[in-house]
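Visitor: You'll find structure06.cif just under this line, and it carries mmCIF, C-alpha atoms.
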data_my_file
#
loop_
_atom_site.label_atom_id
_atom_site.label_comp_id
_atom_site.auth_asym_id
_atom_site.auth_seq_id
_atom_site.Cartn_x
_atom_site.Cartn_y
_atom_site.Cartn_z
CA MET A 804 -183.70 45.96 -53.27
CA VAL A 805 -180.39 47.60 -54.23
CA VAL A 806 -179.64 49.69 -57.32
CA VAL A 807 -175.99 50.31 -58.21
CA GLY A 808 -175.36 53.48 -60.21
CA GLY A 809 -177.03 56.88 -59.97
CA GLY A 810 -177.31 57.84 -63.62
CA ILE A 811 -180.67 58.32 -65.27
CA CYS A 812 -181.18 54.57 -65.70
CA GLY A 813 -180.42 53.82 -62.05
CA LEU A 814 -182.59 56.68 -60.81
CA ALA A 815 -185.49 55.69 -63.05
CA ALA A 816 -185.18 52.02 -62.02
CA ALA A 817 -185.11 52.97 -58.34
CA TYR A 818 -188.17 55.16 -58.86
CA ARG A 819 -190.15 52.41 -60.60
CA LEU A 820 -189.15 49.81 -58.00
CA MET A 821 -190.12 52.15 -55.17
CA ARG A 822 -193.48 52.77 -56.83
CA ALA A 823 -193.94 48.99 -57.00
CA GLY A 824 -193.61 48.79 -53.23
CA HIS A 825 -189.98 47.77 -52.88
CA ARG A 826 -187.68 49.10 -50.21
CA VAL A 827 -184.89 50.58 -52.33
CA THR A 828 -181.32 51.65 -51.61
CA LEU A 829 -179.35 53.30 -54.43
CA PHE A 830 -175.56 53.60 -54.35
CA GLU A 831 -173.60 56.08 -56.50
CA SER A 832 -169.81 56.14 -56.46
CA SER A 833 -169.37 59.86 -57.20
CA ASP A 834 -170.54 62.78 -55.11
CA GLN A 835 -173.23 63.68 -57.64
CA LEU A 836 -176.18 61.91 -59.21
CA GLY A 837 -176.80 62.00 -62.95
CA GLY A 838 -174.07 59.96 -64.66
CA LEU A 839 -173.50 61.62 -68.03
CA GLY A 840 -176.11 64.15 -66.93
CA THR A 841 -173.95 65.61 -64.16
CA PHE A 842 -173.33 69.32 -63.94
CA PHE A 843 -170.99 71.92 -62.49
CA ARG A 844 -171.27 75.41 -61.11
CA TRP A 845 -170.37 78.27 -63.45
CA ARG A 846 -170.82 81.64 -61.83
CA ASP A 847 -174.35 81.47 -60.41
CA GLU A 848 -175.65 78.80 -62.77
CA TRP A 849 -175.56 75.02 -63.08
CA VAL A 850 -174.32 73.76 -66.46
CA GLU A 851 -174.26 70.20 -67.86
CA ARG A 852 -170.82 68.71 -68.41
CA PHE A 853 -172.08 66.93 -71.53
CA TYR A 854 -174.70 67.97 -74.05
CA HIS A 855 -178.19 66.45 -74.09
CA CYS A 856 -181.50 67.10 -75.79
CA ILE A 857 -185.01 65.67 -75.73
CA MET A 858 -186.81 64.64 -78.90
CA PRO A 859 -190.60 64.71 -79.39
CA THR A 860 -190.47 60.93 -79.98
CA ASP A 861 -188.87 60.25 -76.55
CA ARG A 862 -192.08 58.78 -75.18
CA ASP A 863 -190.67 56.99 -72.13
CA LEU A 864 -188.69 59.98 -70.93
CA LEU A 865 -191.58 62.35 -71.58
CA ALA A 866 -193.92 60.09 -69.62
CA LEU A 867 -191.51 60.12 -66.68
CA LEU A 868 -191.24 63.91 -66.83
CA ALA A 869 -195.03 64.13 -66.79
CA GLU A 870 -195.13 62.03 -63.62
CA LEU A 871 -192.54 64.33 -62.05
CA GLY A 872 -194.52 67.42 -63.05
CA LEU A 873 -191.77 68.62 -65.40
CA ARG A 874 -193.15 67.96 -68.88
CA ASP A 875 -194.78 71.38 -69.20
CA ASP A 876 -191.45 73.02 -68.34
CA LEU A 877 -189.78 71.75 -71.51
CA ARG A 878 -188.79 74.40 -74.05
CA TRP A 879 -189.05 73.24 -77.66
CA ARG A 880 -187.04 74.83 -80.45
CA ARG A 881 -186.46 74.05 -84.09
CA THR A 882 -182.80 73.33 -84.71
CA SER A 883 -180.63 72.91 -87.79
CA MET A 884 -177.43 71.22 -88.88
CA GLY A 885 -174.22 72.50 -90.42
CA MET A 886 -171.25 70.73 -91.95
CA ILE A 887 -167.57 71.69 -91.96
CA VAL A 888 -165.36 69.93 -94.51
CA GLU A 889 -161.70 70.87 -94.95
CA GLY A 890 -162.33 74.12 -93.08
CA CYS A 891 -165.25 75.24 -95.27
CA HIS A 892 -168.65 75.81 -93.68
CA TYR A 893 -171.93 74.64 -95.20
CA PRO A 894 -175.57 74.61 -94.06
CA PHE A 895 -176.88 71.06 -94.42
CA ASN A 896 -180.66 71.11 -94.06
CA SER A 897 -182.48 71.46 -97.38
CA ALA A 898 -182.37 70.36 -100.99
CA LYS A 899 -180.92 73.75 -101.87
CA ASP A 900 -178.15 73.28 -99.29
CA LEU A 901 -177.33 69.86 -100.72
CA LEU A 902 -177.15 71.15 -104.29
CA ARG A 903 -174.59 73.74 -103.12
CA PHE A 904 -172.55 71.23 -101.13
CA THR A 905 -169.34 71.27 -103.17
CA PRO A 906 -167.42 68.50 -101.33
CA LEU A 907 -169.58 66.14 -103.39
CA MET A 908 -169.82 66.07 -107.17
CA PRO A 909 -173.27 67.06 -108.54
CA ARG A 910 -174.28 63.47 -109.34
CA ASP A 911 -173.29 62.38 -105.83
CA ARG A 912 -175.30 65.21 -104.25
CA ILE A 913 -178.40 64.03 -106.09
CA ARG A 914 -177.75 60.41 -105.12
CA PHE A 915 -177.23 61.45 -101.49
CA GLY A 916 -180.55 63.29 -101.42
CA VAL A 917 -182.57 60.51 -103.02
CA ALA A 918 -180.94 57.80 -100.91
CA SER A 919 -181.52 59.75 -97.70
CA LEU A 920 -185.21 60.10 -98.48
CA LEU A 921 -185.53 56.35 -99.08
CA LEU A 922 -183.18 55.06 -96.39
CA ARG A 923 -185.78 54.30 -93.72
CA ARG A 924 -187.90 52.43 -96.27
CA LEU A 925 -184.91 50.54 -97.65
CA GLY A 926 -184.11 49.16 -94.20
CA ARG A 927 -187.55 47.83 -93.34
CA ASN A 928 -187.97 44.06 -92.98
CA LYS A 929 -184.27 43.43 -93.53
CA ASP A 930 -181.84 41.68 -91.20
CA LEU A 931 -179.66 44.73 -90.78
CA ASP A 932 -178.21 43.34 -87.54
CA ALA A 933 -176.13 41.00 -89.68
CA VAL A 934 -175.08 43.64 -92.25
CA ARG A 935 -172.04 45.87 -91.88
CA THR A 936 -172.81 49.59 -91.88
CA GLU A 937 -170.14 50.18 -94.50
CA ASP A 938 -171.49 47.51 -96.85
CA TRP A 939 -175.07 48.75 -96.56
CA LEU A 940 -174.34 52.45 -96.93
CA ARG A 941 -171.76 52.04 -99.69
CA ASP A 942 -174.32 50.08 -101.68
CA ILE A 943 -177.01 52.74 -101.20
CA TYR A 944 -174.98 55.95 -101.38
CA GLY A 945 -171.99 54.93 -103.49
CA ASP A 946 -168.28 55.05 -102.80
CA ALA A 947 -167.86 58.83 -103.08
CA VAL A 948 -170.47 59.69 -100.47
CA TRP A 949 -169.24 56.98 -98.14
CA GLU A 950 -165.60 58.01 -98.33
CA THR A 951 -166.18 61.79 -98.33
CA LEU A 952 -168.86 62.08 -95.65
CA LEU A 953 -170.14 58.94 -94.03
CA ALA A 954 -166.91 57.12 -93.22
CA PRO A 955 -165.36 60.06 -91.32
CA MET A 956 -168.65 60.74 -89.53
CA PHE A 957 -169.12 57.16 -88.37
CA GLY A 958 -165.42 56.88 -87.63
CA SER A 959 -165.67 59.82 -85.27
CA LYS A 960 -168.47 58.07 -83.38
CA PHE A 961 -167.31 54.45 -83.28
CA GLY A 962 -163.55 54.53 -83.79
CA GLU A 963 -161.59 52.13 -85.97
CA SER A 964 -164.39 49.54 -86.08
CA PHE A 965 -166.97 51.99 -87.45
CA GLY A 966 -167.55 50.07 -90.68
CA ASP A 967 -168.33 46.85 -88.80
CA VAL A 968 -171.10 48.27 -86.62
CA PRO A 969 -174.43 46.63 -87.54
CA ALA A 970 -176.45 48.69 -90.01
CA LEU A 971 -179.46 48.15 -87.73
CA TYR A 972 -178.07 50.63 -85.22
CA VAL A 973 -177.64 53.28 -87.91
CA TRP A 974 -181.15 52.65 -89.22
CA GLN A 975 -182.60 53.03 -85.73
CA ARG A 976 -180.70 56.27 -85.24
CA LEU A 977 -182.27 57.72 -88.37
CA GLY A 978 -185.66 57.21 -86.77
CA ARG A 979 -184.76 59.56 -83.92
CA GLU A 980 -182.63 62.29 -85.48
CA ARG A 981 -183.01 64.60 -88.46
CA ASN A 982 -180.94 67.46 -89.88
CA VAL A 983 -183.76 69.88 -89.14
CA ALA A 984 -185.53 68.82 -85.97
CA THR A 985 -187.49 70.09 -83.02
CA ARG A 986 -185.56 69.49 -79.84
CA GLY A 987 -186.46 70.07 -76.22
CA TYR A 988 -184.59 71.23 -73.15
CA PRO A 989 -185.88 71.42 -69.56
CA ALA A 990 -186.22 74.85 -68.01
CA GLY A 991 -183.54 74.97 -65.36
CA GLY A 992 -181.47 72.32 -67.12
CA TYR A 993 -181.14 68.60 -66.62
CA LYS A 994 -180.35 69.17 -62.97
CA THR A 995 -184.08 69.74 -62.44
CA ILE A 996 -184.79 66.18 -63.61
CA ILE A 997 -182.08 64.67 -61.39
CA ASP A 998 -183.18 66.73 -58.40
CA ALA A 999 -186.84 65.81 -58.92
CA LEU A 1000 -186.04 62.09 -59.01
CA HIS A 1001 -183.83 62.41 -55.93
CA THR A 1002 -186.58 64.23 -54.05
CA VAL A 1003 -189.36 61.82 -54.96
CA LEU A 1004 -187.17 58.84 -53.99
CA GLN A 1005 -186.43 60.32 -50.58
CA GLU A 1006 -190.05 61.28 -50.00
CA GLY A 1007 -191.09 57.74 -50.94
CA GLY A 1008 -188.78 56.20 -48.36
CA ALA A 1009 -185.92 55.15 -50.62
CA THR A 1010 -182.31 55.63 -49.52
CA VAL A 1011 -179.96 57.41 -51.91
CA ARG A 1012 -176.26 57.33 -51.05
CA THR A 1013 -173.64 59.20 -53.04
CA SER A 1014 -169.85 58.96 -52.63
CA THR A 1015 -170.37 55.25 -51.91
CA PRO A 1016 -168.67 53.13 -54.58
CA ALA A 1017 -169.43 49.43 -54.84
CA LEU A 1018 -166.36 47.33 -54.08
CA ARG A 1019 -167.54 43.73 -54.37
CA LEU A 1020 -170.64 41.90 -55.54
CA SER A 1021 -171.44 38.25 -54.87
CA ASN A 1022 -174.53 36.12 -54.59
CA THR A 1023 -176.26 33.02 -53.44
CA ARG A 1024 -179.11 31.65 -55.50
CA THR A 1025 -181.67 33.77 -53.64
CA ARG A 1026 -179.74 36.68 -52.16
CA ALA A 1027 -177.12 39.16 -53.34
CA ARG A 1028 -174.33 40.58 -51.23
CA LEU A 1029 -172.80 43.97 -51.99
CA VAL A 1030 -169.77 45.44 -50.27
CA VAL A 1031 -169.48 49.22 -50.54
CA HIS A 1032 -167.05 51.90 -49.42
CA GLY A 1033 -166.01 51.43 -45.79
CA ASN A 1034 -166.39 47.64 -46.12
CA GLU A 1035 -170.08 47.91 -45.34
CA THR A 1036 -171.97 44.80 -46.45
CA ILE A 1037 -175.54 44.95 -47.74
CA GLU A 1038 -177.69 41.92 -48.50
CA ALA A 1039 -180.75 42.17 -50.71
CA ASP A 1040 -183.27 40.06 -52.57
CA HIS A 1041 -182.22 41.71 -55.84
CA VAL A 1042 -179.45 43.96 -57.12
CA VAL A 1043 -179.97 46.02 -60.27
CA SER A 1044 -176.60 47.03 -61.72
CA THR A 1045 -176.39 49.88 -64.21
CA LEU A 1046 -172.59 49.76 -64.33
CA PRO A 1047 -170.84 49.23 -67.67
CA LEU A 1048 -170.05 45.54 -68.03
CA PRO A 1049 -166.25 45.97 -67.67
CA LEU A 1050 -166.75 47.74 -64.33
CA LEU A 1051 -169.20 45.11 -63.13
CA ARG A 1052 -166.76 42.32 -63.98
CA SER A 1053 -164.05 44.06 -61.98
CA LEU A 1054 -166.10 43.94 -58.76
CA ALA A 1055 -167.89 40.59 -59.20
CA ASP A 1056 -166.55 37.64 -57.25
CA GLU A 1057 -165.35 34.56 -59.12
CA GLU A 1058 -168.66 32.72 -59.04
CA LEU A 1059 -170.70 35.70 -60.23
CA ALA A 1060 -168.11 36.67 -62.84
CA ALA A 1061 -168.45 33.20 -64.37
CA ARG A 1062 -172.17 33.84 -64.86
CA LEU A 1063 -171.82 37.32 -66.37
CA PRO A 1064 -172.13 37.86 -70.15
CA THR A 1065 -169.11 36.67 -72.08
CA VAL A 1066 -169.66 38.86 -75.15
CA HIS A 1067 -166.73 41.25 -75.63
CA LEU A 1068 -167.86 44.83 -76.07
CA PRO A 1069 -165.35 47.64 -76.58
CA TYR A 1070 -166.62 50.97 -75.28
CA GLN A 1071 -166.12 54.44 -76.66
CA GLY A 1072 -165.41 57.21 -74.21
CA VAL A 1073 -165.54 60.92 -74.95
CA VAL A 1074 -163.41 64.01 -74.50
CA ASN A 1075 -165.69 67.01 -74.29
CA ALA A 1076 -164.82 70.72 -74.12
CA LEU A 1077 -167.45 73.26 -73.15
CA PHE A 1078 -166.79 76.80 -74.38
CA PHE A 1079 -168.41 79.94 -72.99
CA LEU A 1080 -168.36 82.35 -75.93
CA ARG A 1081 -168.98 86.06 -76.04
CA THR A 1082 -170.33 85.75 -79.60
CA PRO A 1083 -172.43 83.05 -81.31
CA LEU A 1084 -171.03 80.80 -84.03
CA THR A 1085 -173.34 79.82 -86.91
CA GLY A 1086 -176.64 79.06 -85.19
CA HIS A 1087 -176.58 75.37 -86.15
CA TYR A 1088 -177.23 73.03 -83.25
CA TRP A 1089 -175.07 70.20 -84.62
CA THR A 1090 -172.07 70.46 -86.95
CA PRO A 1091 -169.77 67.54 -87.86
CA VAL A 1092 -166.18 68.69 -88.47
CA LEU A 1093 -164.40 66.63 -91.14
CA ARG A 1094 -160.75 66.84 -92.19
CA SER A 1095 -160.37 70.38 -90.86
CA GLY A 1096 -157.23 70.15 -88.76
CA THR A 1097 -159.01 69.86 -85.41
CA ASP A 1098 -158.79 67.20 -82.73
CA PHE A 1099 -162.53 67.52 -82.13
CA ASP A 1100 -164.82 66.24 -84.85
CA GLY A 1101 -168.14 67.73 -83.85
CA VAL A 1102 -169.56 70.99 -82.48
CA VAL A 1103 -172.87 71.45 -80.66
CA GLU A 1104 -174.05 75.05 -80.27
CA MET A 1105 -176.11 74.38 -77.19
CA SER A 1106 -177.38 77.93 -76.82
CA THR A 1107 -179.48 77.50 -79.95
CA LEU A 1108 -181.54 75.20 -77.72
CA THR A 1109 -181.08 76.59 -74.21
CA GLY A 1110 -180.90 80.29 -75.02
CA THR A 1111 -178.32 82.57 -73.40
CA GLY A 1112 -180.36 84.21 -70.65
CA SER A 1113 -179.16 81.84 -67.93
CA TYR A 1114 -175.47 82.18 -68.67
CA ALA A 1115 -174.75 85.91 -68.38
CA GLY A 1116 -175.35 86.25 -72.12
CA ARG A 1117 -172.65 83.74 -72.97
CA HIS A 1118 -173.12 81.21 -75.76
CA LEU A 1119 -172.56 77.58 -74.75
CA THR A 1120 -170.74 75.45 -77.32
CA TYR A 1121 -169.57 71.85 -76.89
CA ALA A 1122 -166.76 70.35 -78.96
CA MET A 1123 -166.20 66.63 -78.66
CA ARG A 1124 -164.16 63.64 -79.73
CA TYR A 1125 -165.30 60.09 -79.06
CA THR A 1126 -162.29 57.95 -78.27
CA ASP A 1127 -161.13 54.91 -76.38
CA ARG A 1128 -160.34 55.60 -72.73
CA GLU A 1129 -156.81 54.30 -73.28
CA SER A 1130 -156.09 56.67 -76.16
CA GLU A 1131 -153.41 59.34 -76.01
CA LEU A 1132 -156.01 62.10 -76.24
CA TYR A 1133 -158.08 60.70 -73.38
CA GLN A 1134 -154.98 60.41 -71.21
CA GLU A 1135 -153.84 63.97 -71.97
CA ASP A 1136 -154.24 66.55 -69.22
CA ASP A 1137 -157.29 68.79 -69.42
CA ALA A 1138 -155.39 72.08 -69.50
CA SER A 1139 -153.45 71.09 -72.63
CA ILE A 1140 -156.63 69.99 -74.39
CA ALA A 1141 -158.39 73.21 -73.42
CA ALA A 1142 -155.58 75.41 -74.76
CA ARG A 1143 -155.20 73.53 -78.06
CA TRP A 1144 -158.91 73.18 -78.74
CA THR A 1145 -159.47 76.87 -77.99
CA THR A 1146 -156.96 77.78 -80.68
CA GLN A 1147 -158.52 75.29 -83.09
CA LEU A 1148 -162.05 76.60 -82.45
CA ARG A 1149 -160.96 80.21 -82.95
CA ASP A 1150 -159.22 79.34 -86.22
CA LEU A 1151 -162.12 77.22 -87.47
CA TYR A 1152 -164.71 79.97 -86.92
CA SER A 1153 -162.43 83.01 -87.37
CA LEU A 1154 -163.09 84.18 -83.82
CA THR A 1155 -161.33 87.09 -82.15
CA ASP A 1156 -158.79 86.36 -79.43
CA ASP A 1157 -161.20 87.40 -76.68
CA ALA A 1158 -164.24 85.51 -78.04
CA VAL A 1159 -163.68 82.57 -75.67
CA GLU A 1160 -164.29 83.64 -72.09
CA ASP A 1161 -163.86 80.22 -70.50
CA VAL A 1162 -163.43 76.56 -71.42
CA GLN A 1163 -163.95 73.46 -69.30
CA VAL A 1164 -162.86 69.95 -70.31
CA PHE A 1165 -164.69 66.83 -69.17
CA LYS A 1166 -164.19 63.15 -69.96
CA ALA A 1167 -166.31 60.02 -69.65
CA PRO A 1168 -164.78 56.56 -70.16
CA PHE A 1169 -167.89 54.48 -70.98
CA VAL A 1170 -170.27 56.38 -73.22
CA GLU A 1171 -171.43 53.69 -75.60
CA PRO A 1172 -170.53 50.13 -76.62
CA VAL A 1173 -169.32 49.43 -80.14
CA TYR A 1174 -171.73 46.65 -81.07
CA PRO A 1175 -170.56 43.66 -83.15
CA LEU A 1176 -172.45 42.10 -86.05
CA GLY A 1177 -175.26 39.83 -84.99
CA TYR A 1178 -175.52 41.44 -81.57
CA LEU A 1179 -179.28 40.89 -81.30
CA GLN A 1180 -178.60 37.18 -80.87
CA ARG A 1181 -175.69 37.82 -78.50
CA ARG A 1182 -177.20 40.57 -76.39
CA PRO A 1183 -176.90 39.48 -72.75
CA PRO A 1184 -180.04 38.71 -70.75
CA VAL A 1185 -181.20 41.21 -68.14
CA VAL A 1186 -181.26 38.58 -65.40
CA VAL A 1187 -177.85 37.01 -64.75
CA PRO A 1188 -178.66 33.29 -64.87
CA GLY A 1189 -178.96 31.59 -61.49
CA THR A 1190 -178.59 34.84 -59.54
CA PRO A 1191 -180.73 37.65 -58.13
CA VAL A 1192 -178.65 40.17 -60.12
CA LEU A 1193 -180.27 42.16 -62.94
CA LEU A 1194 -178.45 44.24 -65.53
CA ALA A 1195 -179.64 47.57 -66.92
CA THR A 1196 -176.75 48.84 -69.04
CA THR A 1197 -176.06 50.36 -72.44
CA ALA A 1198 -175.22 46.82 -73.57
CA HIS A 1199 -178.93 46.03 -73.21
CA ILE A 1200 -180.34 49.07 -75.04
CA TYR A 1201 -179.39 47.92 -78.54
CA PRO A 1202 -180.76 48.32 -81.15
CA LYS A 1203 -182.26 51.50 -79.70
CA VAL A 1204 -180.07 54.59 -79.72
CA THR A 1205 -178.27 55.31 -76.46
CA SER A 1206 -180.15 58.22 -74.90
CA TRP A 1207 -181.97 59.26 -71.77
CA ASN A 1208 -185.16 57.97 -73.36
CA SER A 1209 -183.79 54.49 -74.04
CA SER A 1210 -182.28 54.39 -70.53
CA VAL A 1211 -185.66 55.17 -68.96
CA ARG A 1212 -187.31 52.59 -71.21
CA LEU A 1213 -184.82 49.94 -70.08
CA ALA A 1214 -185.32 50.92 -66.42
CA ASN A 1215 -189.07 50.47 -66.84
CA GLN A 1216 -188.57 47.03 -68.37
CA VAL A 1217 -186.18 45.85 -65.65
CA ALA A 1218 -188.46 47.08 -62.86
CA ALA A 1219 -191.40 45.29 -64.50
CA MET A 1220 -189.39 42.05 -64.53
CA VAL A 1221 -188.86 42.31 -60.79
CA GLY A 1222 -192.56 42.93 -60.32
CA PRO A 1223 -194.42 44.31 -57.32
CA ALA A 1224 -193.00 43.79 -53.86
CA ALA A 1225 -194.00 40.76 -51.87
CA ARG A 1226 -190.92 40.82 -49.67
CA SER A 1227 -187.97 43.15 -49.96
CA ALA A 1228 -185.21 43.78 -47.50
CA ALA A 1229 -181.79 45.37 -47.30
CA THR A 1230 -179.75 45.03 -44.13
CA SER A 1231 -176.27 46.11 -43.17
#
As structure tokens, how would this structure be written, given the file I've shared?

Guide:
Amino acid sequence: MVVVGGGICGLAAAYRLMRAGHRVTLFESSDQLGGLGTFFRWRDEWVERFYHCIMPTDRDLLALLAELGLRDDLRWRRTSMGMIVEGCHYPFNSAKDLLRFTPLMPRDRIRFGVASLLLRRLGRNKDLDAVRTEDWLRDIYGDAVWETLLAPMFGSKFGESFGDVPALYVWQRLGRERNVATRGYPAGGYKTIIDALHTVLQEGGATVRTSTPALRLSNTRTRARLVVHGNETIEADHVVSTLPLPLLRSLADEELAARLPTVHLPYQGVVNALFFLRTPLTGHYWTPVLRSGTDFDGVVEMSTLTGTGSYAGRHLTYAMRYTDRESELYQEDDASIAARWTTQLRDLYSLTDDAVEDVQVFKAPFVEPVYPLGYLQRRPPVVVPGTPVLLATTAHIYPKVTSWNSSVRLANQVAAMVGPAARSAATS
């Protein structure tokens, strides 16, 4: 049994397959496990390149953490939301905050509040997979709210096609996230989760190989053949691929490529800057930034969740922009982004020149697909027809929100489809 990709989905799938009695080999192309959960060394601490949090409703992830002995190490904190519109800062958590939110006219503030309270109910038992987000939310909230707030917020997440994303995805997201919410973070950071999975895999007899990119994947009806770095060939009864579909297509041979899903899914990448600040900002965990002269369109004050004790008293703040991997911003060099975004952050929050001690820029090309209308009927099957290849990708998570929890849930489902081991082999 071979698993390709060492992000949380690949690690969780390898863990479940190992527990089911399979002999598992996992290949990761980079020198570090974790995917979007990778980390880097800052002074004497490990810090995540990208922001993450755990919600109390993340049942699959929490169950996995319990098995790893990590659930009791989670630190839970109540977090809040801010909003920045045209350079002005607003809290955005209560009815009182909404009534004082001047970017909307009074009648639109009231409509926004009432509609938000009813939104989950209004979406029940409706075929929202076939309804455009823009059509659904314009009808509920009105043109002013859509154009002032919602359109720029969804545009920052999904790019130019934001209005065409199925309303089902938005409705599902509302079930996981709130303005005021309790969020969790593992003591020691997400590295503790990755390290624990790595350790339990090795102790269980699985093989985990980093710095070993997959080069070619082919198959017969009953066996799969994977060529990895160094032209090493591995044959296995099954291959579970967690690679984004465009990457998988690039390494599949002609016969396998013809069997892969034909649905076209554009993917959003992300440009992410992590600031180490000497002073805190507003204390809001999440703040969208709309029409405020910045390249980034969101700020996450991570230290409201993690605390500052592990980072020499510095306050961790992420600023991000979701964008296509071919965009000019994504292609720009990191140093230029760091310098410009530092100036923009200082201006936006009226920080002193020495408030930013350090900034690191990280990019990821395949963060999330931009789903088309009617995707539930077009979602590709997990098992590639006529092959021993299984897919566990973000393209299969829909309509659930892309998260560590949904990735673990998908890994559990894929491992269950393979079933317990009767015969499993991997030979070079």

Visitor: Where does the PyMOL selection byres ((chain A and resi 1211) around 7) land in this file, that is, which residues does it pick, as a list in words?

Guide: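 Checked against the file, the PyMOL selection byres ((chain A and resi 1211) around 7) matches Ile811, Cys812, Ala815, Asp863, Leu864, Trp1207, Asn1208, Ser1209, Ser1210, Arg1212, Leu1213, Ala1214 and Asn1215 of chain A.
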
Visitor: If you keep C-alpha atoms, can you produce a file of those selected residues as an mmCIF file, in the frame of the given file?

Guide:
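File produced: again13.cif:
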data_model
loop_
_atom_site.group_PDB
_atom_site.id
_atom_site.type_symbol
_atom_site.label_atom_id
_atom_site.label_comp_id
_atom_site.auth_asym_id
_atom_site.auth_seq_id
_atom_site.Cartn_x
_atom_site.Cartn_y
_atom_site.Cartn_z
ATOM 1 C CA ILE A 811 -180.670 58.320 -65.270
ATOM 2 C CA CYS A 812 -181.180 54.570 -65.700
ATOM 3 C CA ALA A 815 -185.490 55.690 -63.050
ATOM 4 C CA ASP A 863 -190.670 56.990 -72.130
ATOM 5 C CA LEU A 864 -188.690 59.980 -70.930
ATOM 6 C CA TRP A 1207 -181.970 59.260 -71.770
ATOM 7 C CA ASN A 1208 -185.160 57.970 -73.360
ATOM 8 C CA SER A 1209 -183.790 54.490 -74.040
ATOM 9 C CA SER A 1210 -182.280 54.390 -70.530
ATOM 10 C CA ARG A 1212 -187.310 52.590 -71.210
ATOM 11 C CA LEU A 1213 -184.820 49.940 -70.080
ATOM 12 C CA ALA A 1214 -185.320 50.920 -66.420
ATOM 13 C CA ASN A 1215 -189.070 50.470 -66.840
#

Visitor: Given the choices A:Gly916, A:Gly1086, A:Pro859, A:Pro1016, which gets closest to Val1030 of chain A if the distance is worked out from all atoms listed in the file?

Guide: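 Ranked by minimum distance to Val1030 of chain A, first place goes to A:Pro1016.
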
Visitor: Hey, what comes out of the PyMOL selection byres ((chain A and resi 988) around 6) on this file? Could you write it as a ChimeraX atom specification?

Guide: /A:856,877-878,987,989

Visitor: Translate the PyMOL selection byres ((chain A and resi 1176) around 6) into a concrete residue list for this structure, as a PyMOL selection string.

Guide: chain A and resi 933+969+1175+1177-1178

Visitor: What's the separation between atom CA of His892 of chain A and atom CA of Tyr1152 of chain A, in Å to one decimal place?

Guide: 8.9 Å

Visitor: Do you know which residues are at most 9 Å from Asp911 of chain A counting only C-alpha atoms, after dropping those on the same chain fewer than 5 positions away, and could you put them as an mmCIF file with C-alpha atoms, in the frame of the given file?

Guide:
data_model
loop_
_atom_site.group_PDB
_atom_site.id
_atom_site.type_symbol
_atom_site.label_atom_id
_atom_site.label_comp_id
_atom_site.auth_asym_id
_atom_site.auth_seq_id
_atom_site.Cartn_x
_atom_site.Cartn_y
_atom_site.Cartn_z
ATOM 1 C CA GLY A 916 -180.550 63.290 -101.420
ATOM 2 C CA TYR A 944 -174.980 55.950 -101.380
ATOM 3 C CA GLY A 945 -171.990 54.930 -103.490
ATOM 4 C CA ALA A 947 -167.860 58.830 -103.080
ATOM 5 C CA VAL A 948 -170.470 59.690 -100.470
#

Visitor: Interatomic distance between atom CA of Leu1151 of chain A and atom CA of Pro909 of chain A?

Guide: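 According to the coordinates, atom CA of Leu1151 of chain A and atom CA of Pro909 of chain A are separated by 25.9 Å.
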
Visitor: Excluding same-chain residues fewer than 5 positions from Ala999 of chain A, what lies within 9 Å of it counting all atoms listed in the file, as a tab-separated table (two decimals) with C-alpha atoms, keeping the file's coordinate frame?

Guide:
chain	number	residue	atom	x	y	z
A	871	LEU	CA	-192.54	64.33	-62.05
A	872	GLY	CA	-194.52	67.42	-63.05
A	873	LEU	CA	-191.77	68.62	-65.40
A	994	LYS	CA	-180.35	69.17	-62.97
A	1004	LEU	CA	-187.17	58.84	-53.99

Visitor: N, CA and C atoms are needed for segment 1157-1164 of chain A; please write them out as a short mmCIF file (atom, residue, chain, number, x, y, z; two decimals), in the coordinates of the input.

Guide:
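Here's the written file out_29.cif:
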data_model
loop_
_atom_site.label_atom_id
_atom_site.label_comp_id
_atom_site.auth_asym_id
_atom_site.auth_seq_id
_atom_site.Cartn_x
_atom_site.Cartn_y
_atom_site.Cartn_z
N ASP A 1157 -160.47 87.31 -77.94
CA ASP A 1157 -161.20 87.40 -76.68
C ASP A 1157 -162.60 86.78 -76.77
N ALA A 1158 -162.90 86.07 -77.86
CA ALA A 1158 -164.24 85.51 -78.04
C ALA A 1158 -164.54 84.40 -77.03
N VAL A 1159 -163.51 83.67 -76.62
CA VAL A 1159 -163.68 82.57 -75.67
C VAL A 1159 -163.41 83.09 -74.27
N GLU A 1160 -164.46 83.16 -73.46
CA GLU A 1160 -164.29 83.64 -72.09
C GLU A 1160 -163.77 82.55 -71.16
N ASP A 1161 -164.25 81.32 -71.38
CA ASP A 1161 -163.86 80.22 -70.50
C ASP A 1161 -164.03 78.92 -71.26
N VAL A 1162 -163.28 77.90 -70.84
CA VAL A 1162 -163.43 76.56 -71.42
C VAL A 1162 -163.20 75.55 -70.31
N GLN A 1163 -164.06 74.54 -70.28
CA GLN A 1163 -163.95 73.46 -69.30
C GLN A 1163 -163.91 72.14 -70.06
N VAL A 1164 -163.02 71.24 -69.65
CA VAL A 1164 -162.86 69.95 -70.31
C VAL A 1164 -163.36 68.84 -69.37
#
